[in-house]
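Coordinates as given in final.cif (mmCIF, C-alpha atoms):
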data_upload
loop_
_atom_site.label_atom_id
_atom_site.label_comp_id
_atom_site.auth_asym_id
_atom_site.auth_seq_id
_atom_site.Cartn_x
_atom_site.Cartn_y
_atom_site.Cartn_z
CA MET A 1 101.09 131.54 122.18
CA PRO A 2 99.10 133.38 119.45
CA ARG A 3 98.27 137.08 119.54
CA ALA A 4 95.82 138.20 122.23
CA LEU A 5 92.35 139.00 120.87
CA TRP A 6 91.27 141.10 123.85
CA SER A 7 92.80 142.39 127.07
CA GLY A 8 91.19 143.74 130.20
CA SER A 9 90.18 142.50 133.66
CA LEU A 10 88.12 139.67 135.03
CA SER A 11 85.99 141.32 137.70
CA PHE A 12 83.79 139.99 140.48
CA GLY A 13 82.86 142.23 143.36
CA LEU A 14 85.84 144.44 144.17
CA VAL A 15 88.36 141.93 142.79
CA ASN A 16 89.94 142.66 139.39
CA VAL A 17 92.31 140.19 137.70
CA PRO A 18 94.15 141.56 134.62
CA VAL A 19 93.77 139.00 131.81
CA GLN A 20 94.26 138.51 128.08
CA LEU A 21 91.97 136.48 125.82
CA PHE A 22 93.42 133.90 123.40
CA SER A 23 91.59 131.55 121.07
CA ALA A 24 91.53 127.98 122.41
CA ALA A 25 90.66 126.48 119.00
CA ARG A 26 92.99 125.93 116.05
CA ASP A 27 91.86 126.10 112.44
CA LEU A 28 93.29 122.93 110.89
CA ASP A 29 91.02 122.91 107.83
CA PHE A 30 92.53 123.11 104.36
CA HIS A 31 91.81 126.45 102.70
CA PHE A 32 91.77 126.60 98.92
CA HIS A 33 92.17 129.46 96.45
CA GLN A 34 89.56 129.79 93.72
CA LEU A 35 91.04 129.53 90.22
CA HIS A 36 89.80 129.97 86.67
CA ALA A 37 89.74 126.33 85.48
CA LYS A 38 90.90 127.29 81.97
CA ASP A 39 94.13 129.14 82.80
CA ARG A 40 94.40 128.58 86.59
CA ALA A 41 94.53 132.31 87.32
CA ARG A 42 93.25 133.47 90.73
CA ILE A 43 89.60 134.49 90.96
CA GLU A 44 88.87 137.88 92.53
CA GLN A 45 85.61 138.84 94.18
CA ARG A 46 84.38 142.37 93.54
CA ARG A 47 81.28 144.38 94.46
CA PHE A 48 79.13 145.66 91.59
CA CYS A 49 76.06 147.87 91.59
CA THR A 50 73.25 145.89 89.94
CA GLU A 51 71.70 149.06 88.51
CA GLU A 52 74.76 150.87 87.14
CA ASP A 53 76.91 147.76 86.56
CA LEU A 54 79.87 149.57 88.14
CA GLU A 55 82.36 148.34 90.71
CA VAL A 56 81.68 149.82 94.17
CA GLY A 57 84.36 150.58 96.77
CA TRP A 58 83.89 149.80 100.45
CA GLU A 59 83.46 153.50 101.26
CA GLU A 60 80.32 153.51 99.09
CA VAL A 61 78.71 150.40 100.61
CA ALA A 62 75.60 150.98 102.75
CA ARG A 63 73.46 148.48 104.69
CA SER A 64 69.78 147.63 104.63
CA PHE A 65 67.51 145.29 106.59
CA GLU A 66 64.74 143.48 104.72
CA LEU A 67 61.36 143.43 106.51
CA ASP A 68 58.88 140.56 106.31
CA SER A 69 56.86 142.68 103.88
CA GLY A 70 59.81 142.80 101.48
CA LYS A 71 60.54 146.47 102.09
CA GLU A 72 64.06 147.50 103.06
CA VAL A 73 65.19 149.84 105.83
CA VAL A 74 68.55 151.51 105.17
CA VAL A 75 70.75 151.85 108.27
CA THR A 76 73.77 154.18 108.29
CA ASP A 77 77.08 153.60 110.06
CA ASP A 78 76.26 156.36 112.56
CA GLU A 79 72.91 154.72 113.36
CA LEU A 80 74.61 151.37 113.90
CA ALA A 81 77.20 153.03 116.14
CA SER A 82 74.40 154.51 118.29
CA VAL A 83 73.33 151.06 119.50
CA GLU A 84 76.75 149.48 119.92
CA PRO A 85 77.41 148.27 123.48
CA ARG A 86 79.57 150.49 125.66
CA LYS A 87 83.14 149.35 125.14
CA THR A 88 84.67 148.22 128.41
CA ARG A 89 87.77 146.32 129.39
CA THR A 90 86.03 144.16 131.96
CA ILE A 91 84.51 140.69 132.06
CA ASP A 92 81.83 141.28 134.68
CA ILE A 93 81.02 138.11 136.61
CA GLU A 94 77.32 138.07 137.53
CA ALA A 95 76.92 134.60 139.10
CA PHE A 96 78.48 131.20 139.73
CA VAL A 97 76.65 128.00 138.73
CA ASP A 98 77.26 124.25 138.56
CA LEU A 99 78.68 123.26 135.16
CA ALA A 100 76.25 120.30 135.02
CA GLU A 101 73.34 122.76 135.03
CA VAL A 102 74.49 124.50 131.83
CA ASP A 103 73.03 122.89 128.70
CA PRO A 104 75.90 122.34 126.19
CA ILE A 105 73.69 123.65 123.36
CA TYR A 106 74.40 127.18 124.67
CA PHE A 107 78.19 126.88 124.28
CA ASP A 108 79.71 128.68 121.29
CA ARG A 109 83.48 129.41 120.97
CA PRO A 110 86.30 128.49 123.41
CA TYR A 111 89.10 130.80 124.57
CA PHE A 112 91.83 130.85 127.21
CA LEU A 113 92.17 133.65 129.75
CA MET A 114 95.81 134.18 130.70
CA PRO A 115 97.35 136.64 133.17
CA ALA A 116 98.04 140.03 131.55
CA GLY A 117 101.62 140.62 132.65
CA ASP A 118 103.95 138.88 135.06
CA SER A 119 103.75 141.14 138.10
CA GLU A 120 103.45 139.36 141.42
CA GLY A 121 100.05 140.91 142.17
CA THR A 122 98.54 139.85 138.83
CA LEU A 123 99.84 136.29 139.05
CA ARG A 124 98.72 135.92 142.67
CA ALA A 125 95.19 137.15 141.91
CA TYR A 126 94.93 134.85 138.86
CA ARG A 127 96.19 131.83 140.81
CA LEU A 128 93.77 132.55 143.66
CA LEU A 129 90.80 132.62 141.29
CA VAL A 130 91.91 129.36 139.61
CA ASP A 131 92.33 127.56 142.95
CA VAL A 132 89.03 128.79 144.42
CA MET A 133 86.95 127.98 141.33
CA GLU A 134 88.56 124.55 141.04
CA ARG A 135 87.85 123.77 144.67
CA GLU A 136 84.25 124.96 144.57
CA GLU A 137 83.59 123.19 141.23
CA ARG A 138 81.71 126.18 139.88
CA VAL A 139 81.72 128.06 136.60
CA ALA A 140 81.35 131.82 136.44
CA LEU A 141 78.72 133.48 134.25
CA GLY A 142 79.56 136.95 132.98
CA ARG A 143 79.40 139.46 130.15
CA PHE A 144 82.02 141.36 128.20
CA VAL A 145 82.32 143.41 125.01
CA MET A 146 84.76 142.38 122.27
CA ARG A 147 84.96 144.63 119.20
CA THR A 148 81.33 145.75 118.75
CA LYS A 149 79.43 142.83 120.28
CA GLU A 150 78.43 141.99 123.83
CA TYR A 151 78.91 138.35 124.80
CA LEU A 152 77.52 136.13 127.50
CA ALA A 153 80.27 133.76 128.64
CA THR A 154 81.23 131.06 131.11
CA VAL A 155 84.62 131.04 132.81
CA ARG A 156 85.89 127.80 134.29
CA VAL A 157 89.14 126.06 135.19
CA ARG A 158 90.79 123.77 132.64
CA ASP A 159 94.19 122.18 133.26
CA GLY A 160 95.23 124.82 135.76
CA ALA A 161 94.18 127.80 133.63
CA LEU A 162 90.99 129.80 133.10
CA ALA A 163 88.97 128.93 130.01
CA LEU A 164 86.26 131.25 128.69
CA THR A 165 83.49 130.03 126.38
CA THR A 166 81.16 132.49 124.68
CA MET A 167 77.51 131.45 124.81
CA LEU A 168 74.29 131.82 122.88
CA PHE A 169 71.53 133.82 124.50
CA HIS A 170 68.40 131.84 125.31
CA ASP A 171 66.35 133.28 122.44
CA GLU A 172 69.06 132.31 119.92
CA VAL A 173 68.44 128.60 120.59
CA ARG A 174 65.60 127.21 118.51
CA PRO A 175 62.74 125.58 120.44
CA THR A 176 62.24 121.82 119.98
CA ARG A 177 58.47 122.06 119.53
CA PRO A 178 58.57 122.01 115.69
CA VAL A 179 60.82 118.91 115.73
CA PRO A 180 58.86 115.68 115.01
CA GLY A 181 58.67 113.41 118.04
CA GLY A 182 59.05 110.10 116.20
CA GLY A 183 55.46 108.90 116.27
CA LYS A 184 54.49 105.64 117.94
CA LYS A 185 56.08 104.79 121.28
CA PRO A 186 58.59 101.90 121.01
CA SER A 187 58.00 98.59 122.78
CA LYS A 188 59.75 97.72 126.03
CA ALA A 189 61.81 95.05 124.25
CA GLN A 190 63.08 97.61 121.72
CA VAL A 191 63.93 100.07 124.49
CA ASP A 192 65.77 97.39 126.49
CA GLN A 193 67.76 96.26 123.43
CA ALA A 194 68.71 99.83 122.51
CA ALA A 195 69.70 100.53 126.12
CA ALA A 196 71.96 97.45 126.06
CA ILE A 197 73.69 98.81 122.94
CA ILE A 198 74.22 102.19 124.61
CA GLU A 199 75.67 100.46 127.69
CA ALA A 200 78.00 98.32 125.55
CA LEU A 201 79.24 101.38 123.63
CA SER A 202 79.73 103.51 126.76
CA VAL A 203 83.36 104.57 127.39
CA ASP A 204 85.21 107.20 129.38
CA TRP A 205 85.48 110.47 127.45
CA ASP A 206 88.83 110.70 125.67
CA PRO A 207 88.96 113.43 122.98
CA ALA A 208 92.13 111.92 121.50
CA ARG A 209 90.07 108.93 120.29
CA TYR A 210 88.20 111.06 117.77
CA GLU A 211 89.97 112.42 114.71
CA ASP A 212 88.89 114.45 111.70
CA CYS A 213 88.83 111.61 109.14
CA TYR A 214 87.80 113.93 106.31
CA ARG A 215 90.83 116.17 106.89
CA GLU A 216 93.12 113.13 106.90
CA ARG A 217 91.67 111.85 103.62
CA LEU A 218 91.97 115.32 102.07
CA SER A 219 95.59 115.54 103.22
CA ARG A 220 96.34 112.25 101.46
CA VAL A 221 94.66 113.51 98.28
CA ILE A 222 96.78 116.69 98.32
CA GLU A 223 99.95 114.67 98.89
CA ARG A 224 99.12 112.26 96.06
CA LYS A 225 98.34 115.18 93.74
CA ARG A 226 101.70 116.73 94.67
CA ARG A 227 103.36 113.51 93.48
CA GLY A 228 101.43 113.63 90.20
CA ALA A 229 98.89 110.89 90.92
CA THR A 230 95.42 110.84 89.39
CA ILE A 231 92.57 110.82 91.91
CA GLU A 232 89.40 108.91 91.13
CA ALA A 233 86.25 109.67 93.06
CA PRO A 234 84.65 106.61 94.72
CA PRO A 235 81.16 105.61 93.56
CA ALA A 236 78.40 107.53 95.28
CA GLU A 237 76.72 105.74 98.14
CA GLY A 238 73.02 105.08 97.84
CA GLU A 239 70.40 106.24 100.29
CA PRO A 240 70.30 104.11 103.46
CA LYS A 241 67.53 101.55 103.28
CA PRO A 242 64.74 101.58 105.85
CA VAL A 243 65.11 98.95 108.58
CA PRO A 244 62.59 96.20 107.79
CA ASP A 245 62.87 94.55 111.21
CA LEU A 246 63.93 96.93 113.99
CA MET A 247 64.34 94.20 116.62
CA GLU A 248 66.57 92.15 114.28
CA ALA A 249 68.69 95.24 113.53
CA LEU A 250 69.04 95.95 117.25
CA ARG A 251 69.96 92.31 117.96
CA ARG A 252 72.64 92.20 115.24
CA THR A 253 74.05 95.56 116.34
CA LEU A 254 74.36 94.36 119.94
CA GLU A 255 76.09 91.16 118.80
CA ARG A 256 78.67 93.14 116.82
CA VAL A 257 79.33 95.55 119.66
CA ARG A 258 79.82 92.74 122.18
CA ALA A 259 82.16 90.98 119.73
CA GLY A 260 84.24 94.15 119.46
CA GLU A 261 83.31 94.70 115.81
CA ASP A 262 82.34 97.96 114.12
CA PRO A 263 78.51 97.99 114.27
CA ARG A 264 78.32 100.42 111.34
CA ALA A 265 80.15 98.32 108.77
CA ASP A 266 79.50 95.19 106.75
CA GLY A 267 82.70 93.14 106.49
CA ASN A 268 85.62 95.56 106.33
CA GLY A 269 83.24 98.50 105.88
CA ASP A 270 84.56 102.00 105.46
CA LEU A 271 87.78 101.66 107.43
CA GLU A 272 88.82 105.25 106.79
CA ARG A 273 85.98 106.64 108.87
CA LEU A 274 87.21 104.77 111.98
CA SER A 275 89.55 106.49 114.43
CA LYS A 276 93.14 105.30 114.78
CA ALA A 277 92.33 103.79 118.19
CA GLU A 278 89.48 101.77 116.65
CA LEU A 279 91.74 100.64 113.82
CA GLU A 280 94.42 99.57 116.30
CA GLN A 281 91.88 97.52 118.26
CA ARG A 282 90.70 95.84 115.06
CA ALA A 283 94.29 95.17 113.95
CA LYS A 284 94.97 93.58 117.33
CA ARG A 285 91.97 91.25 116.96
CA GLU A 286 93.14 90.27 113.48
CA LYS A 287 96.71 89.74 114.77
CA ILE A 288 98.34 92.10 112.23
CA SER A 289 102.05 92.27 112.98
CA GLY A 290 103.80 95.62 113.32
CA ARG A 291 100.52 97.42 114.04
CA ALA A 292 101.96 99.41 116.97
CA LYS A 293 104.24 101.41 114.63
CA MET A 294 101.73 101.90 111.82
CA SER A 295 100.16 105.20 110.84
CA LYS A 296 96.42 105.38 110.37
CA LYS A 297 96.79 105.01 106.58
CA GLU A 298 99.01 101.95 107.02
CA LEU A 299 96.47 100.41 109.38
CA VAL A 300 93.69 100.98 106.83
CA ASP A 301 95.79 99.39 104.07
CA ALA A 302 96.80 96.43 106.24
CA LEU A 303 93.24 95.73 107.36
CA SER A 304 91.95 96.01 103.79
CA GLU A 305 94.55 93.54 102.55
CA ASN A 306 93.88 91.22 105.45
CA GLY A 307 90.21 91.13 104.58
CA ASP A 308 90.79 90.24 100.90
#
Show this structure as structure tokens.
Amino acid sequence: MPRALWSGSLSFGLVNVPVQLFSAARDLDFHFHQLHAKDRARIEQRRFCTEEDLEVGWEEVARSFELDSGKEVVVTDDELASVEPRKTRTIDIEAFVDLAEVDPIYFDRPYFLMPAGDSEGTLRAYRLLVDVMEREERVALGRFVMRTKEYLATVRVRDGALALTTMLFHDEVRPTRPVPGGGKKPSKAQVDQAAAIIEALSVDWDPARYEDCYRERLSRVIERKRRGATIEAPPAEGEPKPVPDLMEALRRTLERVRAGEDPRADGNGDLERLSKAELEQRAKREKISGRAKMSKKELVDALSENGD
């Protein structure tokens, strides 16, 4: 378990459950150092005063806020500290709501809330809250302060533990009014055809089906570079062409979906953007032997060769 980011109590009414907050997300992205291309030395980032052309240390850095008029208001550290939320060690539960009523657009970052300590009282209170919330099928809405920011958050049960998700406040979500509505209303036949495609593509939610294909491709590039290979960039894809006949496009898409084919691709298409589960299904249809033991890269290679 990683280091706790925050510790305190989950509080509702007169009940206080000591908890610790841990990140529920892992950073699996590749992080690169910036180098000088000529000699491959590390690049450093420094702060320079644009007027004096001198390097500035952190202790000399001030802050300003630019107004719509272009003028700037300088704000000191003491002035910022005067408006910081009161630091508490409590997640104050204000209400319980149905999860289905919470629009996912408000969700921000996920965390786990674990018992703080292994005393019998702490574990019993934590277990009670988990069991009650799971039975009532409710999520808790509350607020807490971490570092210098106050957060709105939901707390719910996930796999026998409490999961906390920080949320956006309502005025942080952009309104949809400026978004174009799409113009002319589609015909009933177009709606029915599109609905049939949605129905054919509908599956039970399984997060393991969806993988970060970009990260996998980047991992292969790094491994090939480690072995001394030369990497050639693929030709750039052109802009997608407008659909000349929407009904024909809908009809062909539905045919491909019902046939178990990838509706996005022509022929073999871009196999690398498919998930491993999709590749395995395609390999099964094409009767590729040994597919059950293949990695995703091996499936891509086998399907590509099979299509040649």
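Distance-wise, CA of Thr165 in chain A and CA of Leu152 in chain A end up 8.6 Å apart.
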Leaving out Leu254 in chain A and any residue of its chain fewer than 2 positions from it, which residues lie within 9 Å of it when counting all atoms listed in the file, given as a PyMOL selection string? chain A and resi 193-194+196-197+200+249-252+256-259+263
Selected by the PyMOL selection byres ((chain A and resi 84) around 10) in the shown coordinates: which residues, as a ChimeraX atom specification? /A:79-83,85-87,145,147-150
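One finds CA of Val203 in chain A at 24.4 Å from CA of Arg156 in chain A.
Between CA of Arg42 in chain A and CA of Gly57 in chain A there is a distance of 20.2 Å.
Counting only C-alpha atoms, range 135-138 of chain A has the following residues at most 12 Å away, ignoring those fewer than 3 positions along the same chain: Ala95, Phe96, Val97, Asp98, Leu99, Ala100, Glu101, Val102, Leu128, Leu129, Val130, Asp131, Val132, Leu141, Thr154, Val155, Arg156, Val157, Arg158 and Gly160 of chain A.
Of the residues under consideration (A:Glu44, A:Glu59, A:Glu278, A:Glu305), A:Glu278 shows the shortest atom-to-atom contact distance to Glu211 in chain A when counting all atoms listed in the file.
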Could you list, as a PyMOL selection string, every residue matched by the PyMOL selection byres ((chain A and resi 2-12) around 9) in this structure? chain A and resi 1+13-23+88-95+113+116+146-147
Identify all residues satisfying the PyMOL selection byres ((chain A and resi 30) around 9) in the given file; provide them as number ranges by chain. A: 27-29, 31-32, 215, 218-219
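Counting only C-alpha atoms, the residue from A:Met247, A:Leu279, A:Val56, A:Ile231 that sits nearest to Lys188 in chain A is A:Met247.
Of the listed residues (A:Pro244, A:Thr50, A:Ser275, A:Arg227), A:Ser275 comes nearest to Ala208 in chain A; the distances count all atoms listed in the file.
Proximity of A:Arg291, A:Met133, A:Met167, A:Glu52 to Asp108 in chain A, computed with all atoms listed in the file, is greatest for A:Met167.
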Listed atoms of range 131-137 of chain A boxed axis-aligned with 8 Å per side, centre + edges as AutoDock Vina command-line options:
--center_x 88.0 --center_y 126.0 --center_z 142.9 --size_x 24.7 --size_y 21.6 --size_z 19.6
